[in-house]
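*Asks:* Contents of start.pdb (PDB, C-alpha atoms):
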```
MODEL        1
ATOM      1  CA  MET A 406     111.491  84.942 105.789
ATOM      2  CA  ASN A 407     111.085  83.867 109.415
ATOM      3  CA  LEU A 408     108.876  86.887 110.135
ATOM      4  CA  PHE A 409     106.839  86.182 106.987
ATOM      5  CA  LEU A 410     106.232  82.578 108.052
ATOM      6  CA  LYS A 411     105.499  83.723 111.606
ATOM      7  CA  GLU A 412     102.797  86.072 110.338
ATOM      8  CA  LEU A 413     101.275  83.334 108.198
ATOM      9  CA  LYS A 414     101.175  81.048 111.207
ATOM     10  CA  PHE A 415      99.745  83.788 113.416
ATOM     11  CA  ASN A 416      96.917  84.481 110.948
ATOM     12  CA  ARG A 417      96.122  80.915 109.910
ATOM     13  CA  LYS A 418      93.160  80.537 112.282
ATOM     14  CA  SER A 419      91.678  83.820 111.074
ATOM     15  CA  LEU A 420      92.320  82.757 107.474
ATOM     16  CA  ILE A 421      90.463  79.481 107.981
ATOM     17  CA  ILE A 422      87.493  81.255 109.586
ATOM     18  CA  TRP A 423      87.211  83.927 106.890
ATOM     19  CA  SER A 424      87.669  81.387 104.087
ATOM     20  CA  ALA A 425      84.998  79.119 105.533
ATOM     21  CA  ALA A 426      82.655  82.066 105.991
ATOM     22  CA  LEU A 427      83.064  83.130 102.340
ATOM     23  CA  VAL A 428      82.545  79.599 101.044
ATOM     24  CA  VAL A 429      79.398  79.201 103.149
ATOM     25  CA  LEU A 430      78.107  82.625 102.037
ATOM     26  CA  VAL A 431      78.575  81.830  98.349
ATOM     27  CA  TYR A 432      77.059  78.360  98.773
ATOM     28  CA  ALA A 433      74.054  79.697 100.709
ATOM     29  CA  CYS A 434      73.368  82.274  98.010
ATOM     30  CA  ILE A 435      73.872  80.167  94.890
ATOM     31  CA  ILE A 436      71.803  77.160  96.019
ATOM     32  CA  LYS A 437      68.792  79.476  96.305
ATOM     33  CA  PHE A 438      68.872  80.270  92.586
ATOM     34  CA  ASP A 439      66.927  77.162  91.551
ATOM     35  CA  THR A 440      64.137  78.016  93.991
ATOM     36  CA  ILE A 441      63.949  81.616  92.795
ATOM     37  CA  ALA A 442      64.052  80.579  89.137
ATOM     38  CA  GLN A 443      61.165  78.159  89.661
ATOM     39  CA  MET A 444      59.008  80.935  91.083
ATOM     40  CA  GLY A 445      59.062  82.606  87.692
ATOM     41  CA  SER A 446      57.944  86.132  86.900
ATOM     42  CA  SER A 447      56.324  86.614  90.311
ATOM     43  CA  VAL A 448      59.758  87.184  91.843
ATOM     44  CA  THR A 449      60.672  89.660  89.121
ATOM     45  CA  ASP A 450      57.438  91.549  89.701
ATOM     46  CA  VAL A 451      58.119  91.745  93.430
ATOM     47  CA  PHE A 452      61.632  93.109  92.929
ATOM     48  CA  ASN A 453      60.483  95.538  90.244
ATOM     49  CA  SER A 454      57.864  96.910  92.613
ATOM     50  CA  LEU A 455      60.447  97.710  95.290
ATOM     51  CA  PRO A 456      61.384 101.372  95.765
ATOM     52  CA  LYS A 457      64.837 102.411  94.616
ATOM     53  CA  ILE A 458      66.083 102.654  98.199
ATOM     54  CA  ALA A 459      65.178  99.022  98.882
ATOM     55  CA  LYS A 460      66.805  97.890  95.640
ATOM     56  CA  ALA A 461      70.008  99.694  96.576
ATOM     57  CA  ILE A 462      70.065  98.092 100.021
ATOM     58  CA  PHE A 463      69.581  94.578  98.616
ATOM     59  CA  GLY A 464      72.113  95.122  95.826
ATOM     60  CA  ILE A 465      69.594  94.890  92.991
ATOM     61  CA  ALA A 466      70.526  96.979  89.956
ATOM     62  CA  ASP A 467      69.254  97.121  86.392
ATOM     63  CA  TYR A 468      69.662  93.430  85.616
ATOM     64  CA  ASP A 469      67.393  90.406  85.720
ATOM     65  CA  ILE A 470      68.112  88.274  88.801
ATOM     66  CA  MET A 471      66.137  85.456  87.171
ATOM     67  CA  THR A 472      69.169  84.876  84.952
ATOM     68  CA  ILE A 473      72.273  83.270  86.430
ATOM     69  CA  GLY A 474      74.357  86.281  85.364
ATOM     70  CA  GLY A 475      72.088  88.716  87.180
ATOM     71  CA  TYR A 476      71.904  86.502  90.239
ATOM     72  CA  PHE A 477      75.698  86.237  90.269
ATOM     73  CA  CYS A 478      75.946  90.043  90.262
ATOM     74  CA  MET A 479      73.576  90.300  93.217
ATOM     75  CA  THR A 480      75.539  87.656  95.134
ATOM     76  CA  CYS A 481      78.804  89.492  94.432
ATOM     77  CA  TYR A 482      77.325  92.571  96.091
ATOM     78  CA  TYR A 483      77.408  90.795  99.454
ATOM     79  CA  VAL A 484      80.622  88.882  98.839
ATOM     80  CA  VAL A 485      82.575  92.036  97.984
ATOM     81  CA  ILE A 486      81.494  93.705 101.235
ATOM     82  CA  VAL A 487      82.776  90.752 103.285
ATOM     83  CA  LEU A 488      86.046  90.611 101.331
ATOM     84  CA  ALA A 489      86.584  94.346 101.819
ATOM     85  CA  ILE A 490      86.029  94.063 105.575
ATOM     86  CA  HIS A 491      88.461  91.137 105.769
ATOM     87  CA  ALA A 492      91.147  93.016 103.812
ATOM     88  CA  ILE A 493      90.970  96.294 105.720
ATOM     89  CA  MET A 494      90.817  94.586 109.129
ATOM     90  CA  LEU A 495      93.805  92.443 108.153
ATOM     91  CA  GLY A 496      95.769  95.521 107.120
ATOM     92  CA  SER A 497      94.851  97.568 110.178
ATOM     93  CA  GLY A 498      95.795  94.774 112.570
ATOM     94  CA  ILE A 499      99.008  93.436 111.069
ATOM     95  CA  LEU A 500     101.129  96.401 112.222
ATOM     96  CA  SER A 501      99.222  97.669 115.238
ATOM     97  CA  LYS A 502      99.235  94.285 116.988
ATOM     98  CA  GLU A 503     102.947  94.663 117.776
ATOM     99  CA  GLN A 504     102.129  97.889 119.594
ATOM    100  CA  LYS A 505      99.078  96.417 121.289
ATOM    101  CA  ASP A 506     100.893  93.264 122.424
ATOM    102  CA  ARG A 507     103.945  95.278 123.549
ATOM    103  CA  THR A 508     106.249  93.196 121.345
ATOM    104  CA  SER A 509     107.501  96.014 119.134
ATOM    105  CA  GLU A 510     110.662  96.597 121.189
ATOM    106  CA  PHE A 511     111.589  92.901 120.945
ATOM    107  CA  LEU A 512     110.932  92.913 117.191
ATOM    108  CA  MET A 513     112.997  96.035 116.555
ATOM    109  CA  ALA A 514     115.904  94.614 118.580
ATOM    110  CA  LYS A 515     116.313  91.956 115.918
ATOM    111  CA  PRO A 516     118.787  92.534 113.041
ATOM    112  CA  ILE A 517     116.046  93.527 110.638
ATOM    113  CA  SER A 518     115.034  96.946 109.337
ATOM    114  CA  ARG A 519     111.576  98.403 109.752
ATOM    115  CA  ASN A 520     111.129  98.306 105.978
ATOM    116  CA  LYS A 521     111.747  94.563 106.004
ATOM    117  CA  VAL A 522     109.258  94.193 108.862
ATOM    118  CA  ILE A 523     106.542  95.951 106.863
ATOM    119  CA  THR A 524     107.401  94.013 103.704
ATOM    120  CA  ALA A 525     107.225  90.647 105.466
ATOM    121  CA  LYS A 526     103.885  91.524 107.043
ATOM    122  CA  LEU A 527     102.561  92.910 103.759
ATOM    123  CA  LEU A 528     103.495  89.722 101.893
ATOM    124  CA  ALA A 529     101.755  87.644 104.560
ATOM    125  CA  CYS A 530      98.619  89.767 104.123
ATOM    126  CA  ILE A 531      98.768  89.350 100.348
ATOM    127  CA  VAL A 532      98.964  85.561 100.709
ATOM    128  CA  ASN A 533      95.915  85.622 103.004
ATOM    129  CA  ILE A 534      93.972  87.753 100.549
ATOM    130  CA  LEU A 535      94.945  85.557  97.595
ATOM    131  CA  VAL A 536      93.850  82.394  99.414
ATOM    132  CA  VAL A 537      90.459  83.852 100.325
ATOM    133  CA  ASN A 538      89.927  85.201  96.813
ATOM    134  CA  VAL A 539      90.910  81.953  95.082
ATOM    135  CA  LEU A 540      88.693  79.848  97.349
ATOM    136  CA  THR A 541      85.776  82.202  96.711
ATOM    137  CA  THR A 542      86.398  82.088  92.957
ATOM    138  CA  VAL A 543      86.596  78.290  92.893
ATOM    139  CA  THR A 544      83.406  78.017  94.955
ATOM    140  CA  PHE A 545      81.577  80.293  92.535
ATOM    141  CA  ALA A 546      82.867  78.326  89.533
ATOM    142  CA  LEU A 547      81.943  74.913  90.950
ATOM    143  CA  LEU A 548      78.465  75.894  92.107
ATOM    144  CA  MET A 549      77.588  77.801  88.927
ATOM    145  CA  SER A 550      79.025  75.268  86.456
ATOM    146  CA  LYS A 551      75.646  73.551  86.018
ATOM    147  CA  TYR A 552      74.051  76.794  84.818
ATOM    148  CA  GLY A 553      76.331  77.290  81.828
ATOM    149  CA  ASN A 554      79.803  78.661  81.131
ATOM    150  CA  MET A 555      80.189  81.617  83.487
ATOM    151  CA  ASN A 556      83.897  81.057  84.126
ATOM    152  CA  ILE A 557      85.103  84.112  82.198
ATOM    153  CA  SER A 558      82.686  86.435  84.005
ATOM    154  CA  ILE A 559      83.576  84.878  87.351
ATOM    155  CA  ILE A 560      87.321  85.212  86.776
ATOM    156  CA  GLU A 561      87.051  88.812  85.539
ATOM    157  CA  THR A 562      84.860  89.824  88.459
ATOM    158  CA  MET A 563      86.997  88.141  91.092
ATOM    159  CA  ALA A 564      90.191  89.534  89.540
ATOM    160  CA  ALA A 565      88.723  93.019  89.884
ATOM    161  CA  THR A 566      87.660  92.144  93.420
ATOM    162  CA  LEU A 567      91.246  91.086  94.172
ATOM    163  CA  LEU A 568      92.444  94.561  93.216
ATOM    164  CA  LEU A 569      89.733  95.959  95.470
ATOM    165  CA  GLN A 570      90.999  93.748  98.311
ATOM    166  CA  PHE A 571      94.545  95.062  97.818
ATOM    167  CA  LEU A 572      93.152  98.591  97.920
ATOM    168  CA  PHE A 573      91.357  98.044 101.214
ATOM    169  CA  LEU A 574      94.391  96.220 102.599
ATOM    170  CA  CYS A 575      96.574  99.265 101.913
ATOM    171  CA  ILE A 576      93.968 101.577 103.409
ATOM    172  CA  GLY A 577      94.002  99.383 106.515
ATOM    173  CA  LEU A 578      97.806  99.612 106.713
ATOM    174  CA  LEU A 579      97.573 103.374 106.356
ATOM    175  CA  VAL A 580      95.013 103.600 109.150
ATOM    176  CA  SER A 581      97.219 101.517 111.442
ATOM    177  CA  VAL A 582     100.259 103.800 111.081
ATOM    178  CA  LEU A 583      98.307 107.063 111.251
ATOM    179  CA  ARG A 584      96.426 106.155 114.422
ATOM    180  CA  LYS A 585      98.232 107.404 117.515
ATOM    181  CA  LYS A 586      96.472 104.829 119.671
ATOM    182  CA  GLU A 587      96.941 101.319 118.330
ATOM    183  CA  LYS A 588      93.778 100.004 120.020
ATOM    184  CA  GLY A 589      91.560 102.149 117.809
ATOM    185  CA  ALA A 590      92.939 101.017 114.445
ATOM    186  CA  GLY A 591      90.383  98.233 113.954
ATOM    187  CA  GLY A 592      87.437 100.449 114.790
ATOM    188  CA  THR A 593      88.667 103.210 112.489
ATOM    189  CA  ALA A 594      89.196 100.717 109.662
ATOM    190  CA  ALA A 595      85.668  99.352 110.084
ATOM    191  CA  LEU A 596      84.317 102.901 110.051
ATOM    192  CA  VAL A 597      86.127 103.602 106.775
ATOM    193  CA  VAL A 598      84.506 100.570 105.140
ATOM    194  CA  PHE A 599      81.016 101.504 106.288
ATOM    195  CA  VAL A 600      81.398 105.138 105.239
ATOM    196  CA  MET A 601      82.497 104.054 101.764
ATOM    197  CA  PHE A 602      79.665 101.527 101.613
ATOM    198  CA  PHE A 603      77.044 104.111 102.543
ATOM    199  CA  ILE A 604      78.409 106.520  99.942
ATOM    200  CA  ALA A 605      77.974 103.758  97.346
ATOM    201  CA  LEU A 606      74.485 103.093  98.689
ATOM    202  CA  PHE A 607      73.589 106.792  98.467
ATOM    203  CA  ILE A 608      74.797 106.897  94.852
ATOM    204  CA  ASP A 609      72.574 103.925  93.986
ATOM    205  CA  MET A 610      69.555 105.604  95.584
ATOM    206  CA  THR A 611      69.900 108.715  93.422
ATOM    207  CA  ASP A 612      70.233 109.417  89.719
ATOM    208  CA  ASN A 613      72.671 112.303  89.479
ATOM    209  CA  LEU A 614      75.533 111.617  91.887
ATOM    210  CA  ASP A 615      77.798 109.467  89.721
ATOM    211  CA  PHE A 616      80.604 111.988  90.241
ATOM    212  CA  LEU A 617      80.870 110.706  93.827
ATOM    213  CA  LYS A 618      81.995 107.283  92.631
ATOM    214  CA  VAL A 619      85.637 108.316  93.011
ATOM    215  CA  LEU A 620      85.062 108.498  96.782
ATOM    216  CA  THR A 621      84.160 104.832  97.221
ATOM    217  CA  PRO A 622      86.059 101.809  95.856
ATOM    218  CA  PHE A 623      82.801  99.844  96.012
ATOM    219  CA  LYS A 624      81.808 101.634  92.782
ATOM    220  CA  TYR A 625      85.107 101.094  90.939
ATOM    221  CA  PHE A 626      84.568  97.521  89.742
ATOM    222  CA  GLU A 627      80.917  96.540  90.029
ATOM    223  CA  ALA A 628      79.955  93.035  88.973
ATOM    224  CA  GLN A 629      77.119  94.196  86.699
ATOM    225  CA  GLN A 630      79.533  96.460  84.823
ATOM    226  CA  LEU A 631      81.935  93.581  84.272
ATOM    227  CA  VAL A 632      79.277  91.009  83.352
ATOM    228  CA  PHE A 633      76.798  93.126  81.381
ATOM    229  CA  GLY A 634      78.616  96.411  80.780
ATOM    230  CA  SER A 635      81.820  97.536  79.139
ATOM    231  CA  GLY A 636      84.130  95.667  81.515
ATOM    232  CA  PHE A 637      87.099  97.247  83.309
ATOM    233  CA  GLN A 638      87.185 101.018  83.290
ATOM    234  CA  GLY A 639      90.742 102.268  82.972
ATOM    235  CA  ILE A 640      90.189 105.371  85.075
ATOM    236  CA  TYR A 641      89.263 103.332  88.135
ATOM    237  CA  PHE A 642      92.174 100.943  87.603
ATOM    238  CA  ILE A 643      94.538 103.922  87.517
ATOM    239  CA  LEU A 644      92.862 105.529  90.532
ATOM    240  CA  SER A 645      93.090 102.288  92.516
ATOM    241  CA  SER A 646      96.766 101.918  91.638
ATOM    242  CA  VAL A 647      97.507 105.494  92.710
ATOM    243  CA  ILE A 648      95.733 104.981  96.049
ATOM    244  CA  ILE A 649      97.556 101.689  96.661
ATOM    245  CA  VAL A 650     100.989 103.120  95.861
ATOM    246  CA  GLY A 651     100.309 106.317  97.832
ATOM    247  CA  ALA A 652      99.065 104.422 100.867
ATOM    248  CA  LEU A 653     102.111 102.137 100.825
ATOM    249  CA  ILE A 654     104.547 105.043 100.534
ATOM    250  CA  ILE A 655     102.958 106.812 103.510
ATOM    251  CA  THR A 656     102.806 103.549 105.477
ATOM    252  CA  TYR A 657     106.528 102.864 105.042
ATOM    253  CA  ALA A 658     107.449 106.474 105.852
ATOM    254  CA  GLU A 659     105.248 106.740 108.942
ATOM    255  CA  TYR A 660     106.225 103.335 110.307
ATOM    256  CA  ASN A 661     109.898 104.287 110.111
ATOM    257  CA  ARG A 662     109.153 107.468 112.103
ATOM    258  CA  ARG A 663     106.884 105.826 114.651
ATOM    259  CA  ASP A 664     107.994 105.752 118.280
ATOM    260  CA  LEU A 665     108.011 102.339 119.914
ATOM    261  CA  THR A 666     105.377 101.497 122.504
ATOM    262  CA  VAL A 667     106.954  99.336 125.154
TER     263      VAL A 667
ENDMDL
END
```
Render the structure in this file as structure tokens.
*Replies:*
Amino acid sequence: MNLFLKELKFNRKSLIIWSAALVVLVYACIIKFDTIAQMGSSVTDVFNSLPKIAKAIFGIADYDIMTIGGYFCMTCYYVVIVLAIHAIMLGSGILSKEQKDRTSEFLMAKPISRNKVITAKLLACIVNILVVNVLTTVTFALLMSKYGNMNISIIETMAATLLLQFLFLCIGLLVSVLRKKEKGAGGTAALVVFVMFFIALFIDMTDNLDFLKVLTPFKYFEAQQLVFGSGFQGIYFILSSVIIVGALIITYAEYNRRDLTV
């Protein structure tokens, strides 16, 4: 429990910064909806005239951004990227920082097993992710309340995003234990996010590469599928769960075998 509280305290400044950044991002996006809506069909014509590559880059899919539902989906495109980066960087840093700060020997000298160390750090990460997700969800709900009842769509989308955050968190943990040099864990984690993002981008720019969706979590739970489509797809829920469990198993095993850096 002491280690869990210590990790929460250690990450509180980062949590405040990321939470504030997400709230500001959502606010900055949603307040622009009234202006865009007032511009009428001219905005729709402009977006419709964009090439498919540009639409993919800006997160515009086959929905009308002149409606609050479509605009919400476009906003989620950017929010999910930021949440994924936060989760994977949190996971990659929570274990490697003991190596980097040369405090691992002191930690392991305590009467606590390595499994308990990982569990305490993992729980601290989960709390951080939950706080950021809940604040983002509440911000969406408050700002969009004047446009009609979107609460169900918001909750469903952010619940799916929470699973996505857990997935990237576990990938970050996996990266941190597989990297031989602790200083490179953050850079490797960031690279993983961008590779997955560009795979998703490449899929959106083409018409016949849907089979690549399994390679990028960014395509597992898309906002437009949840708001306008058939909702959660079981196959991606199962795939996400398998990746999360597999990553955690490897993380625990590798951390227990890791040599201390002192």
*Asks:* Mind checking which residues fall within 10 Å of Gly592 in chain A, counting only C-alpha atoms, ignoring those fewer than 5 positions away in the same chain, and posting them as number ranges by chain?
*Replies:* A: 494, 497, 580, 597
*Asks:* Would you please work out which residue, of A:Ile462, A:Leu644, A:Leu430, A:Leu488, is nearest to Met610 in chain A when using only C-alpha atoms?
*Replies:*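 Ranking A:Ile462, A:Leu644, A:Leu430, A:Leu488 by distance to Met610 in chain A, first place goes to A:Ile462.
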*Asks:* So that I can check the surroundings of range 419-428 of chain A, please list as a compact mmCIF listing (two decimals) with C-alpha atoms, in the coordinates of the input every protein, DNA and RNA residue that reaches within 12 Å of it, counting only C-alpha atoms and ignoring chain neighbours fewer than 3 positions away.
*Replies:*
```
# COMPACT_ATOMS: atom_id res chain seq x y z
CA GLU A 412 102.80 86.07 110.34
CA LEU A 413 101.28 83.33 108.20
CA LYS A 414 101.18 81.05 111.21
CA PHE A 415 99.74 83.79 113.42
CA ASN A 416 96.92 84.48 110.95
CA VAL A 431 78.58 81.83 98.35
CA TYR A 432 77.06 78.36 98.77
CA ALA A 433 74.05 79.70 100.71
CA CYS A 434 73.37 82.27 98.01
CA ILE A 435 73.87 80.17 94.89
CA THR A 480 75.54 87.66 95.13
CA CYS A 481 78.80 89.49 94.43
CA TYR A 483 77.41 90.80 99.45
CA VAL A 484 80.62 88.88 98.84
CA VAL A 485 82.58 92.04 97.98
CA ILE A 486 81.49 93.70 101.24
CA VAL A 487 82.78 90.75 103.28
CA LEU A 488 86.05 90.61 101.33
CA ALA A 489 86.58 94.35 101.82
CA ILE A 490 86.03 94.06 105.58
CA HIS A 491 88.46 91.14 105.77
CA ALA A 492 91.15 93.02 103.81
CA MET A 494 90.82 94.59 109.13
CA LEU A 495 93.80 92.44 108.15
CA GLY A 498 95.80 94.77 112.57
CA ALA A 529 101.76 87.64 104.56
CA CYS A 530 98.62 89.77 104.12
CA ILE A 531 98.77 89.35 100.35
CA VAL A 532 98.96 85.56 100.71
CA ASN A 533 95.92 85.62 103.00
CA ILE A 534 93.97 87.75 100.55
CA LEU A 535 94.94 85.56 97.60
CA VAL A 536 93.85 82.39 99.41
CA VAL A 537 90.46 83.85 100.32
CA ASN A 538 89.93 85.20 96.81
CA VAL A 539 90.91 81.95 95.08
CA LEU A 540 88.69 79.85 97.35
CA THR A 541 85.78 82.20 96.71
CA THR A 542 86.40 82.09 92.96
CA VAL A 543 86.60 78.29 92.89
CA THR A 544 83.41 78.02 94.96
CA PHE A 545 81.58 80.29 92.54
CA ALA A 546 82.87 78.33 89.53
CA LEU A 547 81.94 74.91 90.95
CA LEU A 548 78.46 75.89 92.11
```
*Asks:* Here is a test: counting all atoms listed in the file, which residue of A:Leu528, A:Phe409, A:Ser581, A:Phe452 is nearest to Glu659 in chain A?
*Replies:*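 Ranking A:Leu528, A:Phe409, A:Ser581, A:Phe452 by distance to Glu659 in chain A, first place goes to A:Ser581.
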*Asks:* Can I get the residues of range 588-661 of chain A within 9 Å of range 555-569 of chain A, each with the closest pair of atoms and their distance in Å to one decimal, using only C-alpha atoms, sorted chain first then ascending number, as CSV?
*Replies:*
```
residue,atom,partner,partner_atom,distance
A:Pro622,CA,A:Leu569,CA,6.9
A:Phe623,CA,A:Leu569,CA,8.0
A:Tyr625,CA,A:Leu569,CA,8.3
A:Phe626,CA,A:Ala565,CA,6.1
A:Glu627,CA,A:Thr562,CA,7.9
A:Ala628,CA,A:Thr562,CA,5.9
A:Leu631,CA,A:Thr562,CA,6.3
A:Val632,CA,A:Ser558,CA,5.7
A:Gly636,CA,A:Glu561,CA,8.5
A:Phe637,CA,A:Ala565,CA,8.0
A:Phe642,CA,A:Leu568,CA,8.5
A:Ser645,CA,A:Leu569,CA,7.7
A:Ser646,CA,A:Leu568,CA,8.7
```
*Asks:* When you count all atoms listed in the file, which of these residues is closest to Leu620 in chain A: A:Leu583, A:Ile648, A:Leu596, A:Phe633?
*Replies:* A:Ile648
*Asks:* Missing atoms in range 652-665 of chain A: fill them in up to N, CA and C atoms and send the result as a compact mmCIF listing (two decimals), keeping the file's coordinate frame.
*Replies:*
```txt
# COMPACT_ATOMS: atom_id res chain seq x y z
N ALA A 652 99.26 104.94 99.51
CA ALA A 652 99.06 104.42 100.87
C ALA A 652 100.30 103.66 101.34
N LEU A 653 100.91 102.89 100.45
CA LEU A 653 102.11 102.14 100.82
C LEU A 653 103.29 103.06 101.12
N ILE A 654 103.45 104.09 100.31
CA ILE A 654 104.55 105.04 100.53
C ILE A 654 104.41 105.71 101.90
N ILE A 655 103.20 106.17 102.22
CA ILE A 655 102.96 106.81 103.51
C ILE A 655 103.14 105.82 104.65
N THR A 656 102.68 104.58 104.44
CA THR A 656 102.81 103.55 105.48
C THR A 656 104.27 103.29 105.82
N TYR A 657 105.10 103.10 104.80
CA TYR A 657 106.53 102.86 105.04
C TYR A 657 107.18 104.06 105.74
N ALA A 658 106.84 105.27 105.28
CA ALA A 658 107.45 106.47 105.85
C ALA A 658 107.03 106.66 107.30
N GLU A 659 105.75 106.51 107.59
CA GLU A 659 105.25 106.74 108.94
C GLU A 659 105.71 105.65 109.90
N TYR A 660 105.79 104.43 109.42
CA TYR A 660 106.22 103.34 110.31
C TYR A 660 107.69 103.52 110.71
N ASN A 661 108.49 104.04 109.80
CA ASN A 661 109.90 104.29 110.11
C ASN A 661 110.08 105.44 111.10
N ARG A 662 109.08 106.34 111.17
CA ARG A 662 109.15 107.47 112.10
C ARG A 662 108.44 107.18 113.41
N ARG A 663 107.71 106.10 113.48
CA ARG A 663 106.88 105.83 114.65
C ARG A 663 107.75 105.51 115.89
N ASP A 664 107.35 106.07 117.02
CA ASP A 664 107.99 105.75 118.28
C ASP A 664 107.51 104.40 118.76
N LEU A 665 108.37 103.65 119.39
CA LEU A 665 108.01 102.34 119.91
C LEU A 665 107.15 102.47 121.16
```
